[in-house]
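See structure below.
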Amino acid sequence: VNITIVCDESRLGFRTEFMGLVVEILRDKIVVANGYFNNADYEILGRELKVSLKKGGKDILLSANCDKEIEKIIKGIKYCFDEETMTAAVIAKRNGYEGDIIIPETVVSNRASYLVTSIGENAFFDCKSLTSITLPNSIKSIGFGAFMFCSSLTSITIPNSVTTIEDNAFMCCSKLTSITIGNSVKSIGYCAFENCESLTEITLPNSVKSLGYY
């Protein structure tokens with residue numbers, strides 16, 4: 001993403017601009033091309049990027065306007081948007097998820113409607129207070145480790161739209177007793193249900209062509 005970063009260091013008595021830098025936005029850090037800023041907390045609100053970090057014991061605030069929207073929290077669920085395909089993926093958020101979560105089939109952002117097609121990598125990782133999850137019939141894939149260590153999750157229904165369940169998707173869901181897998185799933189990854197000690201039986205649809213161990 002090519003953006004302009006304004007570094008407001010008013011507490012230090014000066015202001016610096018970095019024009020046209022290439023910025024890589026990762027889950028837990030923002031990396032500028034020259035590596036000057038690293039290990040920063042960030043939040044994306046619409047097209048505005050806000051970053052906070054410490055340098056020499058001082059708090060520094062960065063802000064910038066992105067070329068396009070990347071991530072946004074809507075009604076308690078965090079999404080990553082793809083403006084080319086008009087699809088959205090559910091992704092992890094800083095404080096995790098808890099209680100009963102219902103994922104909508106579509107989500108509206110900036111007056112545009114996006115089809116929710118995937119549960120991203122580690123989206124609900126270690127959400128120990130997540131008690132139930134409802135997936136829409138638009139989801140096509142469940143990512144790596146998506147529900148790993150969701151120790152309060154007792155049952156889940158994989159809709160017929162899903163074709164892929166990635167590795168470790170439900171690993172260590174210790175209270176999971178029931179899972180219904182839709183009739184379009186073609187691939188189930190390695191260790192997808194490893195250490196699901198309460199799960200005694202799984203019925204696989206005829207559509208499954210690839211099955212990892214555990």
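If you're wondering about the labels, chains in the structure tokens are A, B, ... by order shown, residues count from 1 in each chain, ligands from 1 in order shown.
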* Asked: Hey, what's within 8 Å of Ile188 of chain A if we count only C-alpha atoms and toss same-chain stuff fewer than 3 positions away? As JSON, numbers by chain, please?
  -> {"A": [164, 165, 166, 167, 185, 192, 208, 210, 211, 212]}
* To do: Identify, on the basis of only C-alpha atoms, every residue whose closest approach to Asn95 of chain A does not exceed 12 Å; exclude the query and any residue fewer than 6 positions from it along the same chain; express the result as a list of chain:residue names.
  => A:Ile73, A:Gly76, A:Ile77, A:Lys78, A:Ala123, A:Phe124, A:Phe125, A:Asp126, A:Cys127, A:Lys128, A:Ser129
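The list of residues with at least one atom within 6 Å of Phe170 of chain A, based on only C-alpha atoms and without residues fewer than 3 positions apart in the same chain, reads Phe147, Met148, Cys173, Ala192 and Phe193 of chain A.
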* Asked: Glu121 of chain A: which residues within 8 Å, counting only C-alpha atoms, same-chain residues fewer than 2 positions away excluded, as a list in words?
  ->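 Skipping anything fewer than 2 positions along the chain leaves Ile91, Ile119, Ala123, Ile142, Gly143, Phe144, Gly145 and Ala146 of chain A.
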Create the file for the chosen residues now, containing N, CA, C and O atoms and written as a short mmCIF file (atom, residue, chain, number, x, y, z; two decimals), in the first residue's frame.
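Writing the result to part.cif gives the following:
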data_model
loop_
_atom_site.label_atom_id
_atom_site.label_comp_id
_atom_site.auth_asym_id
_atom_site.auth_seq_id
_atom_site.Cartn_x
_atom_site.Cartn_y
_atom_site.Cartn_z
N ILE A 91 -11.88 -12.04 10.30
CA ILE A 91 -10.51 -12.16 10.80
C ILE A 91 -10.46 -11.92 12.31
O ILE A 91 -11.44 -11.49 12.92
N ILE A 119 -13.68 -17.70 6.60
CA ILE A 119 -13.24 -17.47 7.97
C ILE A 119 -11.73 -17.52 7.92
O ILE A 119 -11.14 -18.54 7.57
N ALA A 123 -8.84 -16.83 12.96
CA ALA A 123 -9.86 -15.80 13.22
C ALA A 123 -10.42 -15.86 14.64
O ALA A 123 -10.63 -14.83 15.28
N ILE A 142 -12.77 -22.37 5.55
CA ILE A 142 -12.48 -22.14 6.97
C ILE A 142 -10.97 -22.27 7.11
O ILE A 142 -10.39 -23.32 6.85
N GLY A 143 -10.33 -21.18 7.51
CA GLY A 143 -8.88 -21.08 7.46
C GLY A 143 -8.13 -21.85 8.52
O GLY A 143 -8.69 -22.41 9.47
N PHE A 144 -6.82 -21.87 8.34
CA PHE A 144 -5.89 -22.53 9.25
C PHE A 144 -6.12 -22.07 10.69
O PHE A 144 -6.11 -20.88 10.98
N GLY A 145 -6.34 -23.01 11.60
CA GLY A 145 -6.47 -22.68 13.02
C GLY A 145 -7.62 -21.77 13.36
O GLY A 145 -7.61 -21.12 14.41
N ALA A 146 -8.63 -21.71 12.50
CA ALA A 146 -9.70 -20.72 12.65
C ALA A 146 -10.38 -20.78 14.02
O ALA A 146 -10.71 -19.74 14.61
#
* Structure fact -> Students should find that atom CA of Tyr190 of chain A and atom CA of Leu176 of chain A are spaced 17.7 Å
* Length of the atom CA of Lys175 of chain A to atom CA of Ile133 of chain A vector [Å] ->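 Atom CA of Ile133 of chain A lies at a distance of 13.9 Å from atom CA of Lys175 of chain A.
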* Asked: Could you write out, as JSON, numbers by chain, all the residues of segment 119-178 of chain A that DSSP marks as strand (DSSP E or B)?
  -> {"A": [119, 130, 131, 132, 133, 134, 141, 142, 155, 156, 157, 158, 164, 165, 178]}
Residues from last step as file, all heavy atoms, as a short mmCIF file (atom, residue, chain, number, x, y, z; two decimals), in the first residue's frame:
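Written out: out.cif:
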data_model
loop_
_atom_site.label_atom_id
_atom_site.label_comp_id
_atom_site.auth_asym_id
_atom_site.auth_seq_id
_atom_site.Cartn_x
_atom_site.Cartn_y
_atom_site.Cartn_z
N ILE A 119 -13.68 -17.70 6.60
CA ILE A 119 -13.24 -17.47 7.97
C ILE A 119 -11.73 -17.52 7.92
O ILE A 119 -11.14 -18.54 7.57
CB ILE A 119 -13.78 -18.56 8.93
CG1 ILE A 119 -15.31 -18.65 8.83
CG2 ILE A 119 -13.33 -18.27 10.36
CD1 ILE A 119 -16.04 -17.39 9.24
N LEU A 130 -16.00 -18.22 23.52
CA LEU A 130 -16.90 -18.36 22.37
C LEU A 130 -17.76 -19.60 22.59
O LEU A 130 -17.25 -20.71 22.67
CB LEU A 130 -16.10 -18.50 21.08
CG LEU A 130 -16.91 -18.69 19.80
CD1 LEU A 130 -17.64 -17.40 19.44
CD2 LEU A 130 -16.00 -19.12 18.65
N THR A 131 -19.08 -19.40 22.72
CA THR A 131 -19.97 -20.53 23.05
C THR A 131 -20.69 -21.10 21.83
O THR A 131 -21.04 -22.28 21.82
CB THR A 131 -20.99 -20.11 24.10
OG1 THR A 131 -21.65 -18.91 23.67
CG2 THR A 131 -20.31 -19.83 25.44
N SER A 132 -20.93 -20.28 20.81
CA SER A 132 -21.54 -20.80 19.59
C SER A 132 -21.21 -19.89 18.41
O SER A 132 -20.93 -18.70 18.58
CB SER A 132 -23.06 -20.92 19.74
OG SER A 132 -23.68 -19.65 19.71
N ILE A 133 -21.21 -20.48 17.23
CA ILE A 133 -20.92 -19.73 16.01
C ILE A 133 -21.89 -20.19 14.92
O ILE A 133 -22.09 -21.39 14.72
CB ILE A 133 -19.46 -19.95 15.56
CG1 ILE A 133 -19.13 -19.12 14.30
CG2 ILE A 133 -19.14 -21.41 15.34
CD1 ILE A 133 -18.76 -17.71 14.59
N THR A 134 -22.52 -19.23 14.26
CA THR A 134 -23.43 -19.53 13.15
C THR A 134 -22.81 -19.01 11.87
O THR A 134 -22.53 -17.81 11.75
CB THR A 134 -24.81 -18.89 13.36
OG1 THR A 134 -25.37 -19.37 14.59
CG2 THR A 134 -25.74 -19.23 12.21
N SER A 141 -14.59 -21.22 2.68
CA SER A 141 -13.42 -21.83 3.30
C SER A 141 -13.31 -21.43 4.77
O SER A 141 -13.69 -20.33 5.16
CB SER A 141 -12.14 -21.43 2.55
OG SER A 141 -11.91 -20.03 2.66
N ILE A 142 -12.77 -22.37 5.55
CA ILE A 142 -12.48 -22.14 6.97
C ILE A 142 -10.97 -22.27 7.11
O ILE A 142 -10.39 -23.32 6.85
CB ILE A 142 -13.22 -23.15 7.86
CG1 ILE A 142 -14.73 -22.95 7.70
CG2 ILE A 142 -12.81 -22.98 9.32
CD1 ILE A 142 -15.57 -23.96 8.46
N SER A 155 -20.76 -27.20 19.64
CA SER A 155 -21.26 -27.75 18.38
C SER A 155 -21.10 -26.72 17.27
O SER A 155 -21.00 -25.52 17.53
CB SER A 155 -22.74 -28.15 18.49
OG SER A 155 -23.55 -27.01 18.69
N ILE A 156 -21.07 -27.21 16.05
CA ILE A 156 -20.97 -26.30 14.90
C ILE A 156 -21.54 -27.00 13.67
O ILE A 156 -21.42 -28.23 13.52
CB ILE A 156 -19.52 -25.85 14.64
CG1 ILE A 156 -19.48 -24.75 13.58
CG2 ILE A 156 -18.63 -27.02 14.25
CD1 ILE A 156 -18.14 -24.04 13.48
N THR A 157 -22.16 -26.21 12.82
CA THR A 157 -22.67 -26.70 11.54
C THR A 157 -21.91 -26.03 10.42
O THR A 157 -21.88 -24.80 10.33
CB THR A 157 -24.18 -26.42 11.40
OG1 THR A 157 -24.89 -27.13 12.41
CG2 THR A 157 -24.69 -26.86 10.03
N ILE A 158 -21.26 -26.84 9.59
CA ILE A 158 -20.54 -26.32 8.42
C ILE A 158 -21.53 -26.25 7.27
O ILE A 158 -22.07 -27.29 6.85
CB ILE A 158 -19.37 -27.24 8.03
CG1 ILE A 158 -18.47 -27.54 9.24
CG2 ILE A 158 -18.57 -26.62 6.90
CD1 ILE A 158 -17.82 -26.33 9.84
N THR A 164 -13.64 -26.10 1.68
CA THR A 164 -12.32 -26.37 2.27
C THR A 164 -12.30 -26.08 3.76
O THR A 164 -12.73 -25.00 4.19
CB THR A 164 -11.23 -25.53 1.58
OG1 THR A 164 -11.24 -25.78 0.18
CG2 THR A 164 -9.85 -25.85 2.14
N ILE A 165 -11.79 -27.03 4.53
CA ILE A 165 -11.51 -26.84 5.95
C ILE A 165 -10.00 -27.02 6.11
O ILE A 165 -9.47 -28.11 5.87
CB ILE A 165 -12.27 -27.85 6.84
CG1 ILE A 165 -13.79 -27.68 6.63
CG2 ILE A 165 -11.91 -27.66 8.30
CD1 ILE A 165 -14.62 -28.74 7.35
N SER A 178 -20.40 -32.13 18.78
CA SER A 178 -21.19 -32.34 17.57
C SER A 178 -20.73 -31.41 16.46
O SER A 178 -20.57 -30.21 16.67
CB SER A 178 -22.67 -32.10 17.87
OG SER A 178 -23.45 -32.13 16.68
#
